[in-house]
Amino acid sequence: MPTAVAELMSSPPVTCPADASLSEATTLMDRRQIGAVVVTERDAVVGILTERDLLRAAASEIDPHTESVRRWMTIDPDVVRVDDQVDAAWSGLTHHHYRHLPVVDHGDLVGVVSLRDLLTVAQIRPADEAGADVPRGLEGVVVAETSVGDVRGQQGFYHYRQYSATELASSRSFEDVWHLLFDGSLPDREGSASFAARAATLRDLPPGLAGLLPTVATGGSPLDALRTAVSLLGAELGWPPGLDTDHDQRRAQALRLGAVVPTILTAVHRLRHGLDPVPPRSDLSHAANYLWMLSGREAPPAHVRAVEQYLILTIDHGFNASTFTARVIASTGADLAAAVVGAVGALSGPLHGGAPSRALDMLDDIGTPDRADAWIRRAVIRGDRIMGFGHRVYKTDDPRSVFLRGVAGSLGGDLVDFAEQVERTAVEVLAELKPGRQLYTNVEFFAGVVMHTCGIPRDMFTPTFACSRTVGWATHVMEQAADNRLIRPAARYVGPPPPQPVPAP
Ligand SMILES: CC(C)(COP(=O)(O)OP(=O)(O)OC[C@H]1O[C@@H](n2cnc3c(N)ncnc32)[C@H](O)[C@@H]1OP(=O)(O)O)[C@@H](O)C(=O)NCCC(=O)NCCS
């Protein structure tokens with residue numbers, strides 16, 4: 001049985017220059033009957049271009065004759081060494097999203113090893129190795145393929161489809177990005193207006209839900225009410241199991257859900273405070289209407305744009321816990337409402353979406369910049385988590401936090417300056433007390449600051465997050481349904497050895 005990568009790899013590797021066109025690369029791959037080419041520049045490996053990259057390019061309707069390989073390749077790909085064991089290549093391929101890895105010998109490219117090459121070895125392994133253990137918390141485990149977006153933790157970069165999410169937040173409306181996720185492309189001016197207008201007509205609560213909301217809103221938190229309300233919505237609108245629907249039906253449900261969730265949440269918020277819900281206005285954008293329904297006042301344009309940018313930044317973010325939950329539920333053939341109810345439950349946990357209000361509570365508790373060092377030091381030594389810091393995937397600055405720090409800065413105010421001072425202190429103290437863990441601010445820290453500055457009440461921070469993430473969840477549910485296989489992993493049993501005699505009653 002081959003044990004070293006050298007015995008399995010294809011050599012010599014097929015390469016292509018970074019400034020070749022996509023059509024040249026495609027011709028090359030087609031002629032050589034391969035699924036990927038290694039991209040080189042001045043003899044150094046700078047990337048890899050795979051069939052998946054070509055599909056992404058094709059989906060975005062670019063001209064393959066003028067578009068360069070450099071723009072579509074995966075940059076700085078992981079590599080394996082020629083004398084690595086097969087297991088090293090196997091974990092490289094399965095723990096990341098790759099199907100091909102360049103093979104190097106003392107830095108020189110000597111071959112390519114593919115998932116298919118490795119499967120020939122995997123197939124002849126003993127059966128008891130099939131149920132491989134994975135890291136706790138499934139860290140780094142690839143459980144699905146997606147073309148919705150991805151997160152590159154080491155680079156501090158994430159994207160929706162083929163676009164940088166932060167660039168989208170700089171230049172596009174929430175509705176445009178919503179269209180990108182649902183339909184796979186950014187709309188032109190006309191498409192943008194018609195998509196936004198269509199979504200705006202779907203904001204009203206259906207009558208049954210509107211009647212029940214005063215009861216649903218009392219007790220618990222706004223997210224608890226959202227869970228119940230989404231469940232009621234799906235039942236009232238008669239959404240059948242996903243298994244019995246086609247794409248058009250699922251998309252129509254998803255649009256309705258994305259449009260109505262802000263209405264549900266703002267109505268819940270007002271009912272909890274003894275106020276009448278403010279009906280949605282179809283002449284306002286998604287973000288402007290959200291702030292309108294929350295307070296009954298038109299918000300200043302700077303606040304609308306800040307909240308809109310926050311909403312864009314939080315639509316999707318890889319296989320986070322709530323998205324994974326939604327996809328697991330969708331994989332059973334359940335309906336969209338069921339998937340989103342589960343996702344809301346996952347989002348409500350402080351380790352996922354429940355942190356921004358806690359981050360602001362922490363700022364309140366710290367009070368003044370001179371108290372930050374001692375406060376944070378005490379908390380970390382006690383074993384507490386500093387809310388708004390650390391991330392499973394980002395081991396550098398979270399790009400959402402960087403963006404929102406800028407948004408907060410442009411809004412201005414004492415809280416923003418104070419938050420920046422606390423951030424600096426927390427990063428220093430965490431680096432000292434938790435060396436090597438690479439703990440920086442995550443999205444939640446400045447999200448709280450931005451939302452507070454824009455007048456969103458603290459208990460509506462995570463619900464505001466739920467408004468945008470609903471669009472991401474629904475996109476993933478549609479993707480799962482389009483190419484479904486039941487998600488059903490296994491667990492290692494560690495209890496008392498069975499079978500033992502059942503004691504008599
Ligand atoms: C987001 C989070 C859950 C990721 O956790 P994770 O990938 O499972 O990381 P781990 O729990 O394995 O933590 C690794 C180490 O860093 C420490 N750490 C992680 N986040 C920390 C934080 N916010 N404050 C203090 N220490 C932290 C852990 O204590 C652990 O230290 P140890 O090695 O001494 O045990 C975690 O960073 C966290 O709890 N952050 C605070 C909550 C938050 O802001 N959530 C919003 C996420 S967007």
# chains A, B, ... in the order shown; residues from 1 in each chain; ligands from 1
$ residues_near_ligand --ligand "ligand 1" --cutoff "8 Å" --atoms "only C-alpha atoms and all ligand atoms" --output "number ranges by chain"
A: 137, 139, 350-356, 359, 380, 383-393, 430, 434, 437-439, 441-445
$ closest_atom_pairs --of "region 260-356 of chain A" --to "region 395-417 of chain A" --cutoff "8 Å" --atoms "only C-alpha atoms" --output "Markdown table"
| residue | atom | partner | partner_atom | distance |
| --- | --- | --- | --- | --- |
| A:Ala302 | CA | A:Leu411 | CA | 7.5 |
| A:His303 | CA | A:Leu411 | CA | 7.9 |
| A:Ala306 | CA | A:Val407 | CA | 6.4 |
| A:Tyr310 | CA | A:Leu404 | CA | 7.2 |
| A:Leu313 | CA | A:Arg400 | CA | 6.4 |
$ closest_residue --among "A:Leu233, A:Val261, A:Ala169, A:Ala481" --to "Thr332 (chain A)" --atoms "only C-alpha atoms"
A:Ala481
$ residues_around --residues "region 180-191 of chain A" --least-positions-apart "3" --cutoff "7 Å" --atoms "only C-alpha atoms" --output "list in words"
Ser60, Val148, Asp176, Val177, Ser194, Phe195 and Thr475 of chain A
$ select_by_dssp --residues "region 26-244 of chain A" --states "strand (DSSP E)" --output "ChimeraX atom specification"
/A:36-41,44-50,74-75,80-81,100-105,108-114,149-152,157-160,163-164
$ closest_residue --among "A:Gly448, A:Pro241, A:Pro77, A:Gly107" --to "Val307 (chain A)" --atoms "only C-alpha atoms"
A:Gly448
$ select_by_dssp --residues "region 224-396 of chain A" --states "alpha helix (DSSP H)" --output "ChimeraX atom specification"
/A:224-236,247-272,286-295,301-313,321-331,336-347,356-366,372-382
$ write_last_selection --atoms "C-alpha atoms" --output "compact mmCIF listing (two decimals), in the first residue's frame"
# COMPACT_ATOMS: atom_id res chain seq x y z
CA ASP A 224 -37.66 33.52 22.33
CA ALA A 225 -40.64 35.32 20.81
CA LEU A 226 -39.05 35.17 17.35
CA ARG A 227 -38.64 31.40 17.61
CA THR A 228 -42.32 30.96 18.43
CA ALA A 229 -43.41 33.53 15.84
CA VAL A 230 -41.46 31.91 12.99
CA SER A 231 -43.02 28.60 13.91
CA LEU A 232 -46.50 30.17 13.83
CA LEU A 233 -45.71 31.92 10.55
CA GLY A 234 -44.76 28.68 8.79
CA ALA A 235 -47.91 26.99 10.09
CA GLU A 236 -50.20 29.89 9.16
CA HIS A 247 -36.95 25.79 -5.74
CA ASP A 248 -39.45 28.51 -6.72
CA GLN A 249 -41.67 27.71 -3.73
CA ARG A 250 -38.69 27.66 -1.37
CA ARG A 251 -37.42 30.98 -2.75
CA ALA A 252 -40.85 32.58 -2.34
CA GLN A 253 -40.99 31.40 1.29
CA ALA A 254 -37.45 32.59 1.91
CA LEU A 255 -38.21 36.07 0.56
CA ARG A 256 -41.34 36.30 2.69
CA LEU A 257 -39.43 35.23 5.76
CA GLY A 258 -36.57 37.68 5.21
CA ALA A 259 -39.06 40.50 4.71
CA VAL A 260 -41.27 39.75 7.70
CA VAL A 261 -38.72 38.90 10.42
CA PRO A 262 -37.89 42.60 11.09
CA THR A 263 -41.64 43.30 11.42
CA ILE A 264 -42.03 40.45 13.91
CA LEU A 265 -39.06 41.58 16.00
CA THR A 266 -39.91 45.27 16.13
CA ALA A 267 -43.54 44.47 16.96
CA VAL A 268 -42.37 42.13 19.73
CA HIS A 269 -40.08 44.84 21.09
CA ARG A 270 -42.82 47.46 21.18
CA LEU A 271 -45.42 45.11 22.66
CA ARG A 272 -42.98 44.22 25.44
CA HIS A 286 -35.07 47.42 4.54
CA ALA A 287 -32.76 49.10 7.07
CA ALA A 288 -34.67 52.42 7.21
CA ASN A 289 -37.94 50.57 7.69
CA TYR A 290 -36.44 48.48 10.49
CA LEU A 291 -35.45 51.60 12.44
CA TRP A 292 -38.83 53.17 11.63
CA MET A 293 -40.78 50.19 12.98
CA LEU A 294 -38.57 50.10 16.07
CA SER A 295 -39.06 53.70 17.16
CA PRO A 301 -29.53 58.79 7.06
CA ALA A 302 -26.17 58.20 8.80
CA HIS A 303 -27.84 55.82 11.26
CA VAL A 304 -29.75 54.05 8.50
CA ARG A 305 -26.55 53.49 6.52
CA ALA A 306 -24.59 52.35 9.59
CA VAL A 307 -27.26 49.79 10.50
CA GLU A 308 -27.57 48.73 6.86
CA GLN A 309 -23.81 48.10 6.75
CA TYR A 310 -23.99 46.10 9.97
CA LEU A 311 -26.84 44.04 8.47
CA ILE A 312 -24.87 43.38 5.26
CA LEU A 313 -21.79 42.32 7.22
CA ALA A 321 -23.34 27.12 14.52
CA SER A 322 -26.74 28.53 13.54
CA THR A 323 -26.17 28.05 9.80
CA PHE A 324 -25.06 24.48 10.41
CA THR A 325 -28.17 23.95 12.55
CA ALA A 326 -30.39 25.29 9.77
CA ARG A 327 -28.76 22.99 7.23
CA VAL A 328 -29.05 19.93 9.47
CA ILE A 329 -32.77 20.58 9.88
CA ALA A 330 -33.22 21.31 6.17
CA SER A 331 -31.41 18.06 5.37
CA LEU A 336 -37.98 26.51 6.09
CA ALA A 337 -39.68 27.69 9.28
CA ALA A 338 -38.44 24.61 11.17
CA ALA A 339 -34.88 25.23 9.99
CA VAL A 340 -34.96 28.88 11.00
CA VAL A 341 -36.55 28.18 14.40
CA GLY A 342 -33.59 25.90 15.13
CA ALA A 343 -31.13 28.45 13.83
CA VAL A 344 -32.58 31.19 16.04
CA GLY A 345 -32.13 28.88 19.02
CA ALA A 346 -28.46 28.39 18.14
CA LEU A 347 -27.92 32.10 17.59
CA PRO A 356 -22.94 42.25 21.71
CA SER A 357 -25.15 43.30 24.60
CA ARG A 358 -22.76 41.60 27.03
CA ALA A 359 -19.85 43.48 25.44
CA LEU A 360 -21.66 46.74 26.13
CA ASP A 361 -22.51 45.62 29.68
CA MET A 362 -18.80 45.08 30.13
CA LEU A 363 -18.01 48.63 28.94
CA ASP A 364 -20.58 49.95 31.41
CA ASP A 365 -19.05 47.93 34.19
CA ILE A 366 -15.51 49.05 33.38
CA ALA A 372 -9.93 48.59 32.00
CA ASP A 373 -6.62 46.82 32.65
CA ALA A 374 -7.49 45.66 36.17
CA TRP A 375 -11.07 44.73 35.20
CA ILE A 376 -10.05 42.58 32.23
CA ARG A 377 -7.10 41.03 34.07
CA ARG A 378 -9.37 40.02 36.97
CA ALA A 379 -11.97 38.53 34.61
CA VAL A 380 -9.46 36.48 32.61
CA ILE A 381 -7.73 35.19 35.76
CA ARG A 382 -11.16 34.20 37.10
